[in-house]
>>> print(open('target-v1.csv').read())   # CSV, C-alpha atoms
chain,number,residue,atom,x,y,z
A,5,LEU,CA,1.1,13.4,-9.7
A,6,ARG,CA,2.3,10.0,-8.7
A,7,SER,CA,3.7,8.8,-5.4
A,8,GLU,CA,6.9,6.9,-5.8
A,9,GLN,CA,7.9,6.9,-2.1
A,10,PRO,CA,10.1,3.8,-1.4
A,11,THR,CA,9.1,3.7,2.2
A,12,LEU,CA,5.4,3.7,1.4
A,13,TRP,CA,5.9,1.0,-1.2
A,14,ASP,CA,7.8,-1.2,1.2
A,15,ALA,CA,5.0,-0.8,3.8
A,16,PHE,CA,2.4,-1.6,1.1
A,17,ALA,CA,4.4,-4.7,0.0
A,18,THR,CA,4.8,-5.9,3.6
A,19,ARG,CA,1.1,-5.6,4.3
A,20,ARG,CA,0.2,-7.3,1.0
A,21,GLN,CA,2.4,-10.3,2.0
A,22,ALA,CA,0.8,-10.5,5.4
A,23,VAL,CA,-2.7,-10.3,4.0
A,24,MET,CA,-1.8,-12.9,1.4
A,25,GLN,CA,-0.6,-15.3,4.1
A,26,ALA,CA,-3.6,-14.7,6.4
A,27,ARG,CA,-6.3,-15.0,3.7
A,28,ARG,CA,-4.8,-17.9,1.7
A,29,GLY,CA,-7.6,-19.8,-0.1
A,30,MET,CA,-10.4,-17.4,0.9
A,31,GLU,CA,-13.0,-16.1,-1.5
A,32,PHE,CA,-13.0,-12.3,-2.1
A,33,VAL,CA,-15.4,-9.8,-3.4
A,34,GLU,CA,-13.8,-8.2,-6.4
A,35,PRO,CA,-14.4,-4.4,-6.8
A,36,LYS,CA,-16.0,-3.1,-10.0
A,37,THR,CA,-12.8,-1.2,-10.9
A,38,MET,CA,-11.2,-4.6,-11.5
A,39,GLN,CA,-13.5,-5.2,-14.5
A,40,CYS,CA,-11.0,-2.9,-16.3
A,41,GLN,CA,-8.5,-5.5,-17.7
A,42,GLY,CA,-5.6,-3.0,-17.5
A,43,LEU,CA,-6.1,-2.4,-13.8
A,44,ALA,CA,-6.7,-6.1,-13.1
A,45,ASP,CA,-3.5,-7.1,-14.9
A,46,ARG,CA,-1.5,-4.7,-12.7
A,47,CYS,CA,-2.8,-6.4,-9.5
A,48,ARG,CA,-2.4,-10.0,-10.8
A,49,HIS,CA,0.8,-12.0,-10.3
A,50,ALA,CA,1.8,-14.2,-13.2
A,51,THR,CA,1.7,-17.4,-11.1
A,52,LEU,CA,-0.1,-16.5,-7.9
A,53,GLY,CA,-3.0,-14.6,-9.2
A,54,ASN,CA,-4.3,-12.0,-6.8
A,55,PRO,CA,-4.2,-13.7,-3.4
A,56,ALA,CA,-4.2,-10.5,-1.3
A,57,ASN,CA,-7.2,-9.0,-3.2
A,58,GLN,CA,-5.4,-6.0,-4.5
A,59,ALA,CA,-7.5,-3.4,-6.3
A,60,TYR,CA,-7.5,0.1,-7.6
A,61,LEU,CA,-10.0,2.3,-5.8
A,62,LEU,CA,-10.7,6.0,-5.7
A,63,HIS,CA,-10.5,8.6,-2.9
A,64,GLY,CA,-12.1,12.1,-3.2
A,65,THR,CA,-10.4,14.9,-1.3
A,66,ASN,CA,-9.1,18.4,-1.9
A,67,PRO,CA,-5.8,19.1,-3.7
A,68,THR,CA,-3.8,20.1,-0.6
A,69,SER,CA,-4.8,16.9,1.2
A,70,ALA,CA,-4.1,14.9,-2.0
A,71,VAL,CA,-0.5,16.2,-2.1
A,72,ALA,CA,-0.1,15.5,1.6
A,73,ILE,CA,-1.4,11.9,1.2
A,74,LEU,CA,1.0,11.4,-1.7
A,75,GLY,CA,3.9,12.5,0.5
A,76,ARG,CA,3.2,10.6,3.7
A,77,ASP,CA,0.3,8.2,3.2
A,78,PHE,CA,-3.3,8.3,4.5
A,79,SER,CA,-3.7,9.4,8.1
A,80,VAL,CA,-6.6,7.5,9.8
A,81,ASN,CA,-6.8,10.2,12.5
A,82,LEU,CA,-7.8,12.7,9.8
A,83,ALA,CA,-10.4,10.5,8.2
A,84,GLY,CA,-13.7,12.3,7.8
A,85,SER,CA,-12.3,15.6,8.9
A,86,SER,CA,-14.2,17.4,6.1
A,87,VAL,CA,-17.3,15.2,5.6
A,88,GLY,CA,-17.6,12.9,8.6
A,89,THR,CA,-17.3,9.2,9.0
A,90,MET,CA,-20.4,7.0,8.4
A,91,PHE,CA,-18.7,3.7,9.4
A,92,GLY,CA,-16.2,5.0,12.0
A,93,PRO,CA,-12.5,5.9,11.5
A,94,GLY,CA,-10.7,4.5,8.5
A,95,VAL,CA,-9.7,5.3,4.9
A,96,TYR,CA,-12.8,5.7,2.7
A,97,LEU,CA,-12.4,4.5,-0.9
A,98,ALA,CA,-14.9,4.0,-3.7
A,99,GLU,CA,-15.3,1.8,-6.7
A,100,SER,CA,-17.1,4.5,-8.6
A,101,SER,CA,-15.6,7.8,-9.8
A,102,THR,CA,-19.0,9.5,-9.2
A,103,LYS,CA,-19.0,8.4,-5.6
A,104,ALA,CA,-15.4,9.6,-5.1
A,105,ASP,CA,-16.3,12.9,-6.8
A,106,GLU,CA,-19.0,13.5,-4.1
A,107,TYR,CA,-16.2,13.8,-1.6
A,108,ALA,CA,-13.8,15.8,-3.7
A,109,ARG,CA,-13.5,19.4,-2.5
A,110,ASP,CA,-11.8,22.5,-3.8
A,111,ASP,CA,-9.2,24.6,-2.0
A,112,VAL,CA,-11.0,27.9,-1.8
A,113,GLY,CA,-8.6,30.8,-2.1
A,114,GLY,CA,-5.5,28.6,-1.8
A,115,GLU,CA,-2.9,27.6,-4.3
A,116,TYR,CA,-5.3,25.1,-5.9
A,117,ASP,CA,-8.4,27.5,-5.9
A,118,GLY,CA,-11.2,26.0,-7.9
A,119,LEU,CA,-9.5,22.6,-8.3
A,120,TYR,CA,-10.8,19.2,-6.9
A,121,ALA,CA,-8.9,16.0,-6.4
A,122,VAL,CA,-9.6,12.3,-6.8
A,123,LEU,CA,-6.8,9.9,-6.0
A,124,VAL,CA,-6.5,6.5,-7.8
A,125,CYS,CA,-5.1,4.2,-5.1
A,126,ARG,CA,-3.6,0.8,-5.3
A,127,THR,CA,-5.0,-1.1,-2.3
A,128,VAL,CA,-4.8,-4.4,-0.5
A,129,LEU,CA,-8.3,-5.2,0.5
A,130,GLY,CA,-8.1,-8.7,1.9
A,131,ARG,CA,-11.7,-9.5,2.9
A,132,SER,CA,-13.5,-6.2,2.5
A,133,PHE,CA,-16.7,-4.9,4.0
A,134,VAL,CA,-19.2,-4.1,1.3
A,135,THR,CA,-22.4,-2.1,1.7
A,136,GLU,CA,-25.0,-1.1,-0.8
A,137,GLN,CA,-26.1,2.0,1.2
>>> encode(input="target-v1.csv", output="structure tokens")
Amino acid sequence: LRSEQPTLWDAFATRRQAVMQARRGMEFVEPKTMQCQGLADRCRHATLGNPANQAYLLHGTNPTSAVAILGRDFSVNLAGSSVGTMFGPGVYLAESSTKADEYARDDVGGEYDGLYAVLVCRTVLGRSFVTEQ
């Protein structure tokens, strides 16, 4: 599945522009997913580069929640509802598919019984918080 919601894209583009203006000239930590040339190219502007620190990251969840996220975006008030929040409320994303997979869940007995979901998310990171824990 792919989200092509114009409203969500407009919100993403607006936030990307705001981050780009606020973080002009700052150094960023580049996520490991950006070592993939194809993903890096999708986030890099031909003349500006990647001034908002865009990246593709992964989010493990269950299929029902994945479909809901695709339809209306992440909901911070639902963050951690199935596994908790180690660093407080927010959207938790991972550089590693194995880390995202740890948070993927199946929908027991539902329409997607036995299936798990990992979303590939285009993000604007700005200056990100990185932990090795």
>>> closest_residue(input="target-v1.csv", among="A:Glu8, A:Ala104, A:Cys47, A:Ala59", to="Val33 of chain A", atoms="only C-alpha atoms")
A:Ala59
>>> closest_residue(input="target-v1.csv", among="A:Tyr96, A:Ser7, A:Thr127, A:His49", to="Thr65 of chain A", atoms="only C-alpha atoms")
A:Tyr96
>>> closest_residue(input="target-v1.csv", among="A:Val23, A:Leu74, A:Cys40, A:Ala15", to="Leu61 of chain A", atoms="only C-alpha atoms")
A:Cys40
>>> closest_residue(input="target-v1.csv", among="A:Lys103, A:Gln58, A:Gly92, A:Ser79", to="Cys125 of chain A", atoms="all atoms listed in the file")
A:Gln58
>>> closest_atom_pairs(input="target-v1.csv", of="segment 49-104 of chain A", to="segment 34-38 of chain A", cutoff="12 Å", atoms="all atoms listed in the file", output="CSV")
residue,atom,partner,partner_atom,distance
A:Asn54,CA,A:Glu34,CA,10.2
A:Pro55,CA,A:Glu34,CA,11.5
A:Ala56,CA,A:Glu34,CA,11.1
A:Asn57,CA,A:Glu34,CA,7.4
A:Gln58,CA,A:Glu34,CA,8.9
A:Ala59,CA,A:Met38,CA,6.5
A:Tyr60,CA,A:Thr37,CA,6.4
A:Leu61,CA,A:Thr37,CA,6.8
A:Leu62,CA,A:Thr37,CA,9.1
A:Leu97,CA,A:Pro35,CA,10.9
A:Ala98,CA,A:Pro35,CA,9.0
A:Glu99,CA,A:Thr37,CA,5.7
A:Ser100,CA,A:Thr37,CA,7.5
A:Ser101,CA,A:Thr37,CA,9.5
>>> residues_near_point(input="target-v1.csv", point="(-10.5, -9.4, 2.0)", cutoff="7 Å", atoms="all atoms listed in the file", output="ChimeraX atom specification")
/A:32,57,129-132
>>> atom_distance(input="target-v1.csv", atom1="atom CA of Arg20 of chain A", atom2="atom CA of Ser69 of chain A")
24.7 Å
>>> closest_residue(input="target-v1.csv", among="A:Val128, A:Ala50, A:Ala72, A:Ala108", to="Arg19 of chain A", atoms="all atoms listed in the file")
A:Val128
